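A quick write-up on the structure given underneath.
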Amino acid sequence: GVDISARPLRKRATDRGCVHDRPRVGIMGGTFDPIHNGHLVAASEVAWVYDLDEVIFVPTGRPVFKQNKAVTNPEDRYLMTVIATASNPRFSVSRVDIDRPGITYTIDTLRDIHALRPDAELFFITGADALAEIMKWKDANEMWDLAHFVGVTRPGYSTNLKKLDVPQDAVDVIEIPALAISSTDIRRRSHDGEPVWYLVPDGVVQYISKHGLYASEMQNS
Ligand code: ATP
């Protein structure tokens, strides 16, 4: 096991300047309902610190931990993710989770991306809130062979994680600029007519407005 709380936050840019023998690919999983600047900064920071060649954003199908909540249809979430990431040449979006029937489990995401990119070293990016629950994920002990896990700090959530029963070096936590943005708050603001400018990319503001997302019913409040 690894007591993450006892380890100092990883020093920045430690992997930069090293020669890597395999392409390094980040995976940013999320419901992205909608994608916001907290997600984008997390992906960008991990890409910088770990010297990633690319980051693949993977919108979930039916999220396992949000089954009691209404989630916007996958095509809208997918398109907002494409719009939000389009300007970054290292960012792309994968449909593997939304095209796979049933509930989304990260182990399946990792297997699918590994099958698509067998040459790559994979880095799964996740917030400190989600990382705290990682041992509850399906087939957790099979995940470590497929990817490194990089947790990012998130305002309002502790990174003082309890002892996680994960192999040494399977999980890291890095500190990133604190953005207290959540999809829940973006949905509430959109519903209440409050501004979401600069919390999500401009194109996502416009997409929400054009399609009237979050306007009528209050989701996940
Ligand atoms: P919701 O409010 O609907 O629960 P969310 O804002 O947490 O959504 P998700 O799509 O569920 O967004 O998050 C995907 C991943 O991004 C998760 O691992 C989450 O911890 C992380 N994340 C989300 N917002 C931030 C943020 N502001 N800073 C750091 N990490 C974040």
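Residue numbering restarts at 1 for every chain of the structure tokens, chains are lettered A, B, ... in their displayed order, and ligands are numbered from 1 as they appear.
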Could you give me, as JSON lines, a per-residue list for chain A showing, wherever an atom lies at most 9 Å from an atom of ligand 1, the closest pair of atoms and their distance in Å to one decimal, using only C-alpha atoms and all ligand atoms and sorting by chain then residue number from low to high?
{"residue": "A:Met28", "atom": "CA", "partner": "ligand 1", "partner_atom_place_in_ligand_line": "15 (C)", "distance": 7.0}
{"residue": "A:Gly29", "atom": "CA", "partner": "ligand 1", "partner_atom_place_in_ligand_line": "14 (C)", "distance": 5.8}
{"residue": "A:Gly30", "atom": "CA", "partner": "ligand 1", "partner_atom_place_in_ligand_line": "14 (C)", "distance": 3.6}
{"residue": "A:Thr31", "atom": "CA", "partner": "ligand 1", "partner_atom_place_in_ligand_line": "10 (O)", "distance": 3.7}
{"residue": "A:Phe32", "atom": "CA", "partner": "ligand 1", "partner_atom_place_in_ligand_line": "10 (O)", "distance": 4.0}
{"residue": "A:Asp33", "atom": "CA", "partner": "ligand 1", "partner_atom_place_in_ligand_line": "3 (O)", "distance": 6.0}
{"residue": "A:Pro34", "atom": "CA", "partner": "ligand 1", "partner_atom_place_in_ligand_line": "10 (O)", "distance": 7.2}
{"residue": "A:Ile35", "atom": "CA", "partner": "ligand 1", "partner_atom_place_in_ligand_line": "10 (O)", "distance": 6.5}
{"residue": "A:His36", "atom": "CA", "partner": "ligand 1", "partner_atom_place_in_ligand_line": "24 (N)", "distance": 7.3}
{"residue": "A:Asn37", "atom": "CA", "partner": "ligand 1", "partner_atom_place_in_ligand_line": "27 (N)", "distance": 7.3}
{"residue": "A:Gly38", "atom": "CA", "partner": "ligand 1", "partner_atom_place_in_ligand_line": "27 (N)", "distance": 3.8}
{"residue": "A:His39", "atom": "CA", "partner": "ligand 1", "partner_atom_place_in_ligand_line": "16 (O)", "distance": 5.2}
{"residue": "A:Leu40", "atom": "CA", "partner": "ligand 1", "partner_atom_place_in_ligand_line": "25 (C)", "distance": 8.7}
{"residue": "A:Val41", "atom": "CA", "partner": "ligand 1", "partner_atom_place_in_ligand_line": "28 (N)", "distance": 7.6}
{"residue": "A:Ala42", "atom": "CA", "partner": "ligand 1", "partner_atom_place_in_ligand_line": "29 (C)", "distance": 5.7}
{"residue": "A:Ala43", "atom": "CA", "partner": "ligand 1", "partner_atom_place_in_ligand_line": "16 (O)", "distance": 8.8}
{"residue": "A:Pro59", "atom": "CA", "partner": "ligand 1", "partner_atom_place_in_ligand_line": "10 (O)", "distance": 7.8}
{"residue": "A:Thr60", "atom": "CA", "partner": "ligand 1", "partner_atom_place_in_ligand_line": "10 (O)", "distance": 8.3}
{"residue": "A:Pro63", "atom": "CA", "partner": "ligand 1", "partner_atom_place_in_ligand_line": "11 (O)", "distance": 8.7}
{"residue": "A:Lys66", "atom": "CA", "partner": "ligand 1", "partner_atom_place_in_ligand_line": "4 (O)", "distance": 8.1}
{"residue": "A:Val71", "atom": "CA", "partner": "ligand 1", "partner_atom_place_in_ligand_line": "3 (O)", "distance": 8.5}
{"residue": "A:Ile125", "atom": "CA", "partner": "ligand 1", "partner_atom_place_in_ligand_line": "18 (O)", "distance": 6.8}
{"residue": "A:Thr126", "atom": "CA", "partner": "ligand 1", "partner_atom_place_in_ligand_line": "18 (O)", "distance": 3.6}
{"residue": "A:Gly127", "atom": "CA", "partner": "ligand 1", "partner_atom_place_in_ligand_line": "20 (O)", "distance": 3.0}
{"residue": "A:Ala128", "atom": "CA", "partner": "ligand 1", "partner_atom_place_in_ligand_line": "20 (O)", "distance": 5.8}
{"residue": "A:Asp129", "atom": "CA", "partner": "ligand 1", "partner_atom_place_in_ligand_line": "20 (O)", "distance": 5.2}
{"residue": "A:Ala130", "atom": "CA", "partner": "ligand 1", "partner_atom_place_in_ligand_line": "20 (O)", "distance": 5.1}
{"residue": "A:Leu131", "atom": "CA", "partner": "ligand 1", "partner_atom_place_in_ligand_line": "18 (O)", "distance": 7.3}
{"residue": "A:Gly151", "atom": "CA", "partner": "ligand 1", "partner_atom_place_in_ligand_line": "18 (O)", "distance": 7.8}
{"residue": "A:Val152", "atom": "CA", "partner": "ligand 1", "partner_atom_place_in_ligand_line": "29 (C)", "distance": 5.8}
{"residue": "A:Thr153", "atom": "CA", "partner": "ligand 1", "partner_atom_place_in_ligand_line": "29 (C)", "distance": 5.8}
{"residue": "A:Arg154", "atom": "CA", "partner": "ligand 1", "partner_atom_place_in_ligand_line": "29 (C)", "distance": 4.2}
{"residue": "A:Pro155", "atom": "CA", "partner": "ligand 1", "partner_atom_place_in_ligand_line": "28 (N)", "distance": 6.7}
{"residue": "A:Ile176", "atom": "CA", "partner": "ligand 1", "partner_atom_place_in_ligand_line": "29 (C)", "distance": 7.6}
{"residue": "A:Pro177", "atom": "CA", "partner": "ligand 1", "partner_atom_place_in_ligand_line": "28 (N)", "distance": 8.1}
{"residue": "A:Ala178", "atom": "CA", "partner": "ligand 1", "partner_atom_place_in_ligand_line": "28 (N)", "distance": 6.5}
{"residue": "A:Leu179", "atom": "CA", "partner": "ligand 1", "partner_atom_place_in_ligand_line": "27 (N)", "distance": 4.8}
{"residue": "A:Ala180", "atom": "CA", "partner": "ligand 1", "partner_atom_place_in_ligand_line": "27 (N)", "distance": 5.0}
{"residue": "A:Ile181", "atom": "CA", "partner": "ligand 1", "partner_atom_place_in_ligand_line": "27 (N)", "distance": 4.4}
{"residue": "A:Ser182", "atom": "CA", "partner": "ligand 1", "partner_atom_place_in_ligand_line": "6 (O)", "distance": 3.4}
{"residue": "A:Ser183", "atom": "CA", "partner": "ligand 1", "partner_atom_place_in_ligand_line": "6 (O)", "distance": 3.8}
{"residue": "A:Thr184", "atom": "CA", "partner": "ligand 1", "partner_atom_place_in_ligand_line": "2 (O)", "distance": 3.6}
{"residue": "A:Asp185", "atom": "CA", "partner": "ligand 1", "partner_atom_place_in_ligand_line": "2 (O)", "distance": 6.5}
{"residue": "A:Ile186", "atom": "CA", "partner": "ligand 1", "partner_atom_place_in_ligand_line": "2 (O)", "distance": 8.0}
{"residue": "A:Arg187", "atom": "CA", "partner": "ligand 1", "partner_atom_place_in_ligand_line": "3 (O)", "distance": 8.2}
{"residue": "A:Asn220", "atom": "CA", "partner": "ligand 1", "partner_atom_place_in_ligand_line": "3 (O)", "distance": 7.0}
| request: Please return as JSON, numbers by chain: the residues of region 40-181 of chain A that backbone DSSP assigns to strand (DSSP E or B). | output: {"A": [54, 55, 56, 57, 58, 59, 62, 63, 91, 92, 93, 103, 104, 121, 122, 123, 124, 125, 126, 127, 147, 148, 149, 150, 151, 152, 164, 171, 172, 173, 174]}
Export N, CA, C and O atoms of the chosen residues as a compact mmCIF listing (two decimals), in the first residue's frame?
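As written to disk, again.txt reads:
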# COMPACT_ATOMS: atom_id res chain seq x y z
N GLU A 54 0.09 13.94 -25.79
CA GLU A 54 -1.30 14.29 -26.07
C GLU A 54 -2.17 13.94 -24.88
O GLU A 54 -1.77 13.18 -24.00
N VAL A 55 -3.36 14.52 -24.84
CA VAL A 55 -4.37 14.15 -23.85
C VAL A 55 -5.67 13.85 -24.60
O VAL A 55 -6.13 14.66 -25.41
N ILE A 56 -6.21 12.67 -24.31
CA ILE A 56 -7.48 12.27 -24.91
C ILE A 56 -8.59 12.48 -23.88
O ILE A 56 -8.55 11.90 -22.79
N PHE A 57 -9.54 13.32 -24.20
CA PHE A 57 -10.71 13.53 -23.33
C PHE A 57 -11.74 12.46 -23.67
O PHE A 57 -12.03 12.22 -24.84
N VAL A 58 -12.27 11.82 -22.61
CA VAL A 58 -13.20 10.71 -22.84
C VAL A 58 -14.49 10.96 -22.07
O VAL A 58 -14.58 10.64 -20.87
N PRO A 59 -15.51 11.54 -22.73
CA PRO A 59 -16.79 11.73 -22.04
C PRO A 59 -17.41 10.38 -21.69
O PRO A 59 -17.38 9.45 -22.50
N ARG A 62 -22.91 6.22 -19.38
CA ARG A 62 -23.65 6.39 -18.12
C ARG A 62 -22.68 6.28 -16.96
O ARG A 62 -22.12 5.23 -16.72
N PRO A 63 -22.43 7.39 -16.26
CA PRO A 63 -21.42 7.36 -15.18
C PRO A 63 -21.88 6.50 -14.01
O PRO A 63 -23.02 6.63 -13.57
N PHE A 91 -4.78 18.09 -27.71
CA PHE A 91 -6.02 17.56 -27.13
C PHE A 91 -6.87 16.91 -28.21
O PHE A 91 -6.98 17.42 -29.33
N SER A 92 -7.48 15.77 -27.87
CA SER A 92 -8.47 15.16 -28.76
C SER A 92 -9.57 14.55 -27.91
O SER A 92 -9.49 14.55 -26.67
N VAL A 93 -10.62 14.07 -28.54
CA VAL A 93 -11.77 13.52 -27.83
C VAL A 93 -12.06 12.13 -28.37
O VAL A 93 -12.04 11.92 -29.59
N ILE A 103 -23.10 1.03 -18.41
CA ILE A 103 -22.43 1.93 -17.48
C ILE A 103 -20.94 2.03 -17.83
O ILE A 103 -20.34 1.06 -18.28
N THR A 104 -20.38 3.21 -17.64
CA THR A 104 -18.96 3.40 -17.91
C THR A 104 -18.12 3.05 -16.69
O THR A 104 -18.35 3.57 -15.59
N GLU A 121 2.38 4.92 -23.32
CA GLU A 121 2.34 4.88 -21.86
C GLU A 121 1.18 5.78 -21.43
O GLU A 121 1.14 6.96 -21.80
N LEU A 122 0.23 5.22 -20.69
CA LEU A 122 -1.01 5.95 -20.41
C LEU A 122 -1.00 6.58 -19.02
O LEU A 122 -0.50 5.98 -18.05
N PHE A 123 -1.57 7.77 -18.90
CA PHE A 123 -1.69 8.51 -17.65
C PHE A 123 -3.14 8.91 -17.46
O PHE A 123 -3.64 9.74 -18.22
N PHE A 124 -3.81 8.32 -16.50
CA PHE A 124 -5.21 8.66 -16.26
C PHE A 124 -5.28 9.83 -15.29
O PHE A 124 -4.74 9.78 -14.18
N ILE A 125 -5.95 10.90 -15.70
CA ILE A 125 -6.00 12.14 -14.94
C ILE A 125 -7.33 12.22 -14.19
O ILE A 125 -8.40 12.02 -14.79
N THR A 126 -7.25 12.52 -12.92
CA THR A 126 -8.49 12.55 -12.13
C THR A 126 -8.36 13.57 -11.00
O THR A 126 -7.26 13.87 -10.54
N GLY A 127 -9.49 14.12 -10.56
CA GLY A 127 -9.48 15.07 -9.46
C GLY A 127 -9.28 14.37 -8.13
O GLY A 127 -9.54 13.17 -7.99
N ALA A 147 -2.24 1.89 -16.66
CA ALA A 147 -1.98 3.34 -16.64
C ALA A 147 -1.41 3.78 -15.31
O ALA A 147 -1.62 3.13 -14.28
N HIS A 148 -0.70 4.91 -15.34
CA HIS A 148 -0.38 5.65 -14.12
C HIS A 148 -1.61 6.50 -13.80
O HIS A 148 -2.30 6.94 -14.70
N PHE A 149 -1.84 6.76 -12.52
CA PHE A 149 -2.95 7.62 -12.12
C PHE A 149 -2.39 8.90 -11.55
O PHE A 149 -1.55 8.88 -10.66
N VAL A 150 -2.85 10.03 -12.10
CA VAL A 150 -2.40 11.32 -11.63
C VAL A 150 -3.60 12.08 -11.07
O VAL A 150 -4.52 12.43 -11.81
N GLY A 151 -3.59 12.29 -9.77
CA GLY A 151 -4.63 13.08 -9.13
C GLY A 151 -4.23 14.54 -9.14
O GLY A 151 -3.06 14.87 -9.00
N VAL A 152 -5.20 15.42 -9.34
CA VAL A 152 -4.93 16.85 -9.28
C VAL A 152 -5.70 17.45 -8.10
O VAL A 152 -6.80 17.01 -7.77
N LEU A 164 -4.15 4.39 0.63
CA LEU A 164 -4.75 3.68 -0.49
C LEU A 164 -3.98 2.40 -0.73
O LEU A 164 -2.75 2.41 -0.74
N VAL A 171 0.05 5.79 -8.24
CA VAL A 171 -0.72 7.01 -8.10
C VAL A 171 0.17 8.15 -7.63
O VAL A 171 0.98 7.99 -6.72
N ASP A 172 0.02 9.30 -8.27
CA ASP A 172 0.68 10.54 -7.87
C ASP A 172 -0.38 11.60 -7.65
O ASP A 172 -1.46 11.51 -8.23
N VAL A 173 -0.04 12.62 -6.89
CA VAL A 173 -0.92 13.79 -6.80
C VAL A 173 -0.09 15.02 -7.12
O VAL A 173 1.02 15.17 -6.62
N ILE A 174 -0.61 15.90 -7.97
CA ILE A 174 0.09 17.15 -8.24
C ILE A 174 -0.82 18.33 -7.91
O ILE A 174 -2.04 18.24 -8.01
| task | Would you please work out which residue, of A:Asp112, A:Asp192, A:Asp76, A:Asp165, is nearest to Val204 (chain A) when using only C-alpha atoms? | result |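 Going through A:Asp112, A:Asp192, A:Asp76, A:Asp165 one by one, the smallest distance to Val204 (chain A) is for A:Asp76.
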| field | Nearest to Asp108 (chain A) by atom-to-atom distance, counting only C-alpha atoms, from A:Met143, A:Leu79, A:Val196, A:Ala84 | value | A:Met143
| Selection: 12 Å around Ala140 (chain A), only C-alpha atoms, excl. self and same-chain fewer than 2 positions, as a list in words |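 Contacts, in chain order: Tyr105, Thr106, Ile107, Asp108, Leu110, Leu131, Glu133, Ile134, Met135, Lys136, Trp137, Lys138, Glu142, Met143, Trp144, Asp145, Leu146, Ala147, Phe149, Leu164, Asp165, Val166, Pro167 and Ala170 of chain A.
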Serialized selection, C-alpha atoms, as an mmCIF file, in the first residue's frame:
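File produced: selection-v1.cif:
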data_model
loop_
_atom_site.group_PDB
_atom_site.id
_atom_site.type_symbol
_atom_site.label_atom_id
_atom_site.label_comp_id
_atom_site.auth_asym_id
_atom_site.auth_seq_id
_atom_site.Cartn_x
_atom_site.Cartn_y
_atom_site.Cartn_z
ATOM 1 C CA TYR A 105 -16.160 1.842 -15.873
ATOM 2 C CA THR A 106 -12.646 3.247 -16.071
ATOM 3 C CA ILE A 107 -11.169 -0.229 -16.534
ATOM 4 C CA ASP A 108 -13.032 -0.482 -19.866
ATOM 5 C CA LEU A 110 -8.277 1.989 -20.204
ATOM 6 C CA LEU A 131 -9.057 9.709 -6.464
ATOM 7 C CA GLU A 133 -12.635 6.616 -4.084
ATOM 8 C CA ILE A 134 -10.346 4.824 -6.500
ATOM 9 C CA MET A 135 -10.323 1.478 -4.678
ATOM 10 C CA LYS A 136 -14.102 1.264 -5.177
ATOM 11 C CA TRP A 137 -13.678 1.347 -8.955
ATOM 12 C CA LYS A 138 -14.432 -1.871 -10.833
ATOM 13 C CA GLU A 142 -6.187 -4.445 -12.886
ATOM 14 C CA MET A 143 -5.956 -0.727 -13.617
ATOM 15 C CA TRP A 144 -2.375 -0.235 -12.409
ATOM 16 C CA ASP A 145 -0.932 -2.343 -15.228
ATOM 17 C CA LEU A 146 -2.657 -0.204 -17.833
ATOM 18 C CA ALA A 147 -1.985 3.341 -16.645
ATOM 19 C CA PHE A 149 -2.952 7.619 -12.123
ATOM 20 C CA LEU A 164 -4.750 3.684 -0.493
ATOM 21 C CA ASP A 165 -4.016 0.054 -1.150
ATOM 22 C CA VAL A 166 -2.335 0.717 -4.475
ATOM 23 C CA PRO A 167 1.124 -0.334 -5.666
ATOM 24 C CA ALA A 170 0.673 3.702 -9.335
#
| Filtered DSSP result for chain A, state helix (DSSP H, G or I), as a ChimeraX atom specification | /A:4-6,37-49,64-66,74-85,96-99,106-116,128-131,134-136,140-143,183-192,202-211
| With distances taken over only C-alpha atoms, which of A:Tyr214, A:Ile113, A:Val96, A:Val49 is nearest to Ile27 (chain A)? | A:Ile113
| message | Using only C-alpha atoms, can you tell me which of A:Met80, A:Ile98, A:Leu199, A:Ala120 comes closest to Leu213 (chain A)? | response |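 Among the listed residues, A:Met80 lies closest to Leu213 (chain A).
Minimum atom-to-atom distance to Asp53 (chain A), evaluated using only C-alpha atoms, belongs to A:Arg90 out of A:Gly17, A:Arg90, A:Asn68, A:Ile83.
What separates CA of Pro201 (chain A) from CA of Thr81 (chain A) is a distance of 10.0 Å.
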